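**Student:** Got a structure for you, questions after.
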Amino acid sequence: MGTGTVVGEAERAVPAYGLSGPGRGVWRLGGASAELVVRGGKVAVDWRDTAGRAVRGIPSCVRREQAGELGRLRAAVREIEQALAAQAAQLERAFLRRRPWEYGDWQERYLDHPLVGTLARRLLWTVDGVACAHTDGALCTLTGAPVGAGVAVELWHPLGRDDAEVAAWRDRLERHGITQPFPQAYREVGGGEPLSVHLVREDLLHDRAAALGWRPTHGGDRTALTRDLPQWGVRAELPVDVVRFTGDRVVGLGGPRFHPLGSAAVPPLVVSEVARDISLFVEAAGIGGAAAPPGGHDRALWASSAFGELGPGAVARRDVLARLLPRLALGDRCRTEGRFLHVRGVRHTYRIHLGSAQVLLPDDRHLPVAPATAQGTQPSWLPHEGDRMLSAVLGKAALLAHDDRITDPTIVRQL
């Protein structure tokens, strides 16, 4: 395996894993070979036998004679995929970094690195303030003009950008079939509007919050999640209150409060990114995501979460769907309106909530459709990775658009 490394923001070396080019590397196993190809966040392995012919599976000679090397190859694939996920999360946190990369370091450690470069080349950047993307082996502006080496590099963020520019970058992603490692061109922008209290499962909330750098704090009779952003001179706080609810321990997650750590004002970028975190918490831990609604008083609380107003993430998802639907075979059976994706089946027209993926029948009855039951054909192109709710919405749409073919007796009885 190769020994090339890159030092990331956490000052940890990222091995090149034997990749000799951008997202590609060849392993020799006896007379056979395996080419590793990074495709998004996954690694494909393309095999050739001892005669150099492409084969669909692992050659039998490798299984018989190279078991040890095969095991190391499989371990490398797992490590690459784990490293890609970790590096993508690290890059996404750089929106709040507030310290640009020096161009030469950025080029070496990100753009030209054989592994991390597969992420960097799918993102948008600014070089000395000029917005650009990697196109045909070079950094180019929206008009295709090359961007030379500069001094300072930062991640491009849609906040403060002209709507026409944002739309143009989105068009470019689609035209080139680029799937970004996380939402950037479609990143939600907001946070200026007041946010209501959201009901979430406490265990799921804290797991998700910890992954994004939030920690629980306690003071007197108050409990909150806090995130320190010293580079901005700000501490963000989300009040957390226990709510009476049957079964799982449920808490009310309040709107954000910002506490300047000095005299600095709270910048719009911080407000927007905190609002995005809240949106992610609600989608990951909200009680509206439960497959079956509870009874009694709790049912009304569940319904307000399952079918309530859309958060910033769901609004951005609606924009993504508007672009995707014309590309799908079931696109002529679907339309977005308000909080829902409307799906015309043979028996009924259904509404799928864009924030929870819960389904309503025409008479407003809830139709439980488990995501595992609704594995539909996904689009050949997505603007970004990581939106499990979008996959759930599309999977359920694919199922309900052909509701006359549903055989699950639990669903059929309710149709």
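Every chain in the structure tokens takes a letter, A first, then B, and so on in the order presented; its residues are numbered from 1, and the ligands are numbered from 1 following the presented order.
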Report the residues of stretch 306-396 of chain A whose backbone DSSP state falls under helix (DSSP H, G or I), written as a PyMOL selection string.
**Tutor:** chain A and resi 306+312-327+331-333+388-396
**Student:** For stretch 163-172 of chain A, find every residue with an atom within 9 Å (counting only C-alpha atoms), except residues of its own chain fewer than 5 positions away, and show them as a PyMOL selection string.
**Tutor:** chain A and resi 124+142+158+177-178+185-186+383
**Student:** Need the shell around stretch 249-263 of chain A: protein/DNA/RNA residues with any atom at most 12 Å away, counting only C-alpha atoms. Skip same-chain ones fewer than 5 positions apart. Format as a PyMOL selection string?
**Tutor:** chain A and resi 191-206+209+223-244+268+270-279+281-282+285-288+298+301-302+305
**Student:** When you look at stretch 46-54 of chain A with a cut-off of 10 Å (counting only C-alpha atoms), what residues show up, excluding the ones that are within fewer than 3 positions of it in the same chain? I need them as a ChimeraX atom specification.
**Tutor:** /A:26-37,43,57-62
**Student:** With C-alpha atoms retained, could you export that selection as an mmCIF file, in the first residue's frame?
**Tutor:**
data_model
loop_
_atom_site.group_PDB
_atom_site.id
_atom_site.type_symbol
_atom_site.label_atom_id
_atom_site.label_comp_id
_atom_site.auth_asym_id
_atom_site.auth_seq_id
_atom_site.Cartn_x
_atom_site.Cartn_y
_atom_site.Cartn_z
ATOM 1 C CA VAL A 26 -4.474 -1.096 -8.188
ATOM 2 C CA TRP A 27 -3.754 -4.043 -5.889
ATOM 3 C CA ARG A 28 -1.824 -7.031 -7.242
ATOM 4 C CA LEU A 29 -2.945 -10.371 -5.819
ATOM 5 C CA GLY A 30 -0.779 -13.015 -7.427
ATOM 6 C CA GLY A 31 -1.361 -12.798 -11.151
ATOM 7 C CA ALA A 32 -4.774 -11.154 -10.731
ATOM 8 C CA SER A 33 -5.478 -7.517 -9.950
ATOM 9 C CA ALA A 34 -8.115 -5.455 -8.203
ATOM 10 C CA GLU A 35 -8.690 -1.787 -9.044
ATOM 11 C CA LEU A 36 -10.165 0.261 -6.223
ATOM 12 C CA VAL A 37 -12.369 3.084 -7.470
ATOM 13 C CA VAL A 43 -15.413 2.011 -2.902
ATOM 14 C CA GLY A 57 -16.424 -11.440 -9.032
ATOM 15 C CA ILE A 58 -13.293 -12.344 -7.109
ATOM 16 C CA PRO A 59 -11.178 -14.708 -9.242
ATOM 17 C CA SER A 60 -11.066 -18.249 -7.837
ATOM 18 C CA CYS A 61 -7.254 -18.200 -7.801
ATOM 19 C CA VAL A 62 -7.359 -15.223 -5.425
#
